[in-house]
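Here the structure is laid out as structure tokens; the discussion comes afterwards.
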Amino acid sequence: MDRVAIVDQKAERLRRILAGHARLIVAYSGGVDSAFLAWMAHQALGDQMLAVIADSPSLARTQLQDALAFVRQHEIPVAVVETEELKNPDYIRNDAMRCFHCKDELFTVLERYRATGGFDAIAYGVNTDDQGDFRPGQQAALEHHVLSPLVEAGLSKAEIRELARQAGLRVWDKPASACLSSRMEYGRAVTPEALGVIERGEDALRAFGFRQFRVRHHGEIVRIEIASEELPRAFTAEMAREFTAVFKELGFKFVTLDLEGFHSGSMNRLLSAEDLLRSRPL
């Protein structure tokens with residue numbers, strides 16, 4: 001069986017999985033995985049599904065606006081809820097389990113929403129590639145009995161992007177974008193002020209025309225990651241002056257450009273083997 005037929009089979013399997021639920025909440029972030037899952041759930045269940053996006057200081061305003069624009073474009077039912085992870089000292093501490101505490105708060109809020117709204121289940125957009133990565137949030141999903149239909153259907157990130165492209169969904173090639181807190185070095189307290197600085201820095205990089213990047217916060221030092229294919233434009237005296245002006249204005253004393261380029265989850269390289277093992281889903 002060729003690759004196209006296999007992907008089509010997985011898509012049909014996903015449709016059957018989603019159609020097997022009477023009423024379903026999709027934990028929605030606006031990224032390609034959750035957007036595709038929400039779109040597929042709407043195709044299978046119509047108005048018996050609801051995409052719920054959590055609004056908090058760790059979600060960039062541009063990401064929230066784009067996420068809402070997507071569901072409204074496709075007439076997918078949506079609700080915005082507030083989460084309060086920044087009131088949790090365990091989250092603020094920003095150790096290796098920060099993502100667990102974030103997802104624990106999210107799924108706690110969604111569980112209340114599910115119970116009061118008469119929904120029978122909650123699903124989120126984890127894919128098969130995520131299972132081998134450092135993602136403590138998956139443990140929170142297991143503890144809250146959150147469904148993972150994309151994994152159940154056997155879909156990888158590349159296959160999800162391909163299916164989204166075939167469906168004409170504009171997010172099919174959207175760059176990955178984790179929450180703003182993931183830009184903070186572990187052990188540095190997560191604060192609304194620091195998140196605001198990161199967001200303004202990334203807004204500036206976007207305004208310069210860069211597409212895939214991260215602003216990594218190391219206290220007095222900012223480490224700018226830009227995708228390798230975009231680095232030649234960053235390696236100019238003109239851009240160096242622009243970066244320096246923007247990030248010193250934001251309060252950083254030292255402005256650096258990472259020579260290795262963008263790498264998703266680069267902060268995790270500093271974690272110990274014990275931290276990595278402790279965060280694995282059971």
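Each chain in the structure tokens gets a letter, A, B, ..., in the order shown, and its residues are numbered from 1; ligands are numbered from 1 in order too.
For range 35-217 of chain A, a DSSP pass over the backbone yields strand (DSSP E) at Met49, Leu50, Ala51, Val52, Ile53, Ala54, Asp55, Val78, Ala79, Val80, Val81, Glu82, Ala121, Ile122, Ala123, Tyr124, Phe213, Arg214, Val215, Arg216 and His217 of chain A.
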Exercise. Any idea what's packed within 10 Å of Met184 in chain A, counting only C-alpha atoms, ignoring anything in its chain fewer than 4 positions away? Could you give it as a PyMOL selection string?
Worked result: chain A and resi 94+180+188-191+194-195+198+215-219+222+267
Exercise. How would you write, as a PyMOL selection string, the set of residues in range 13-192 of chain A that DSSP gives as helix (DSSP H, G or I)?
Worked result: chain A and resi 13-19+32-48+61-73+85-87+89-93+98-117+128-132+137-143+149-152+157-166+170-173+180-183+192
Exercise. Between A:Ser156, A:Lys87, A:Ala51, A:Ala27, which is the closest to Phe107 in chain A once you count only C-alpha atoms?
Worked result: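 Checking each of A:Ser156, A:Lys87, A:Ala51, A:Ala27 against Phe107 in chain A, counting only C-alpha atoms, the winner is A:Ala27.
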Problem set entry | Nearest candidate to Trp39 in chain A (options A:Thr108, A:Arg3, A:Leu163, A:Asp8; using only C-alpha atoms) | A:Leu163
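Of note, CA of Ser58 in chain A and CA of Glu85 in chain A are spaced 9.2 Å apart.
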Exercise. When you draw a straight line from CA of Tyr124 in chain A to CA of Arg206 in chain A, how long is it in Å?
Worked result: 27.5 Å
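CA of Arg98 in chain A sits 18.7 Å away from CA of Val146 in chain A.
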Exercise. Pick from A:Glu82, A:Gly261, A:Phe208, A:Cys179: nearest to Glu229 in chain A, with only C-alpha atoms counted?
Worked result: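 That would be A:Gly261, the residue with the smallest distance to Glu229 in chain A.
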For this session: For range 241-246 of chain A, please output as a list in words all residues within 8 Å (counting only C-alpha atoms; exclusion window: fewer than 2 positions along the same chain).
Result: Gly201, Ala204, Ala237, Glu238, Met239, Lys248, Glu249, Leu250 and Val255 of chain A
For this session: Determine the nearest neighbour of Ala79 in chain A from the options A:Ser29, A:Ser228, A:Asn127, A:Gln43, counting only C-alpha atoms.
Result: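 Of A:Ser29, A:Ser228, A:Asn127, A:Gln43, the one nearest Ala79 in chain A is A:Ser29, counting only C-alpha atoms.
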What's the 10 Å shell around Ala11 in chain A, counting only C-alpha atoms, without same-chain residues fewer than 3 positions away, as a PDB file with N, CA and C atoms, in the first residue's frame?
```pdb
ATOM      1  N   ALA A   5      -2.342   6.194   0.315  1.00  0.00           N
ATOM      2  CA  ALA A   5      -3.436   5.336   0.769  1.00  0.00           C
ATOM      3  C   ALA A   5      -3.382   5.125   2.277  1.00  0.00           C
ATOM      4  N   ILE A   6      -2.178   4.998   2.820  1.00  0.00           N
ATOM      5  CA  ILE A   6      -2.029   4.811   4.263  1.00  0.00           C
ATOM      6  C   ILE A   6      -2.521   6.033   5.015  1.00  0.00           C
ATOM      7  N   VAL A   7      -2.150   7.216   4.541  1.00  0.00           N
ATOM      8  CA  VAL A   7      -2.580   8.456   5.200  1.00  0.00           C
ATOM      9  C   VAL A   7      -4.100   8.606   5.102  1.00  0.00           C
ATOM     10  N   ASP A   8      -4.660   8.260   3.953  1.00  0.00           N
ATOM     11  CA  ASP A   8      -6.117   8.321   3.796  1.00  0.00           C
ATOM     12  C   ASP A   8      -6.815   7.368   4.762  1.00  0.00           C
ATOM     13  N   LEU A  14      -9.551   8.356  11.948  1.00  0.00           N
ATOM     14  CA  LEU A  14      -9.786   9.500  12.822  1.00  0.00           C
ATOM     15  C   LEU A  14     -11.249   9.929  12.765  1.00  0.00           C
ATOM     16  N   ARG A  15     -11.835   9.933  11.578  1.00  0.00           N
ATOM     17  CA  ARG A  15     -13.252  10.308  11.454  1.00  0.00           C
ATOM     18  C   ARG A  15     -14.136   9.370  12.274  1.00  0.00           C
ATOM     19  N   ARG A  16     -13.844   8.080  12.206  1.00  0.00           N
ATOM     20  CA  ARG A  16     -14.649   7.109  12.952  1.00  0.00           C
ATOM     21  C   ARG A  16     -14.474   7.292  14.458  1.00  0.00           C
ATOM     22  N   ILE A  17     -13.250   7.563  14.872  1.00  0.00           N
ATOM     23  CA  ILE A  17     -12.993   7.777  16.300  1.00  0.00           C
ATOM     24  C   ILE A  17     -13.790   8.981  16.812  1.00  0.00           C
ATOM     25  N   MET A  40     -11.661  18.470  11.964  1.00  0.00           N
ATOM     26  CA  MET A  40     -12.149  17.112  11.736  1.00  0.00           C
ATOM     27  C   MET A  40     -13.314  16.775  12.669  1.00  0.00           C
ATOM     28  N   LEU A 150      -5.579  11.813  17.537  1.00  0.00           N
ATOM     29  CA  LEU A 150      -4.569  11.795  16.480  1.00  0.00           C
ATOM     30  C   LEU A 150      -3.589  10.650  16.691  1.00  0.00           C
ATOM     31  N   ALA A 153      -5.331   7.367  15.923  1.00  0.00           N
ATOM     32  CA  ALA A 153      -5.420   7.135  14.479  1.00  0.00           C
ATOM     33  C   ALA A 153      -4.050   6.879  13.857  1.00  0.00           C
ATOM     34  N   GLY A 154      -2.979   7.057  14.643  1.00  0.00           N
ATOM     35  CA  GLY A 154      -1.631   6.795  14.146  1.00  0.00           C
ATOM     36  C   GLY A 154      -1.038   7.903  13.305  1.00  0.00           C
ATOM     37  N   LEU A 155      -1.491   9.148  13.510  1.00  0.00           N
ATOM     38  CA  LEU A 155      -1.068  10.253  12.663  1.00  0.00           C
ATOM     39  C   LEU A 155       0.169  10.966  13.204  1.00  0.00           C
ATOM     40  N   GLU A 159       2.025  13.889   8.537  1.00  0.00           N
ATOM     41  CA  GLU A 159       0.765  13.420   7.959  1.00  0.00           C
ATOM     42  C   GLU A 159      -0.377  14.383   8.265  1.00  0.00           C
ATOM     43  N   ILE A 160      -0.365  14.956   9.448  1.00  0.00           N
ATOM     44  CA  ILE A 160      -1.391  15.946   9.800  1.00  0.00           C
ATOM     45  C   ILE A 160      -1.261  17.174   8.908  1.00  0.00           C
ATOM     46  N   LEU A 163      -2.640  16.263   5.453  1.00  0.00           N
ATOM     47  CA  LEU A 163      -4.100  16.202   5.421  1.00  0.00           C
ATOM     48  C   LEU A 163      -4.712  17.600   5.524  1.00  0.00           C
TER      49      LEU A 163
END
```
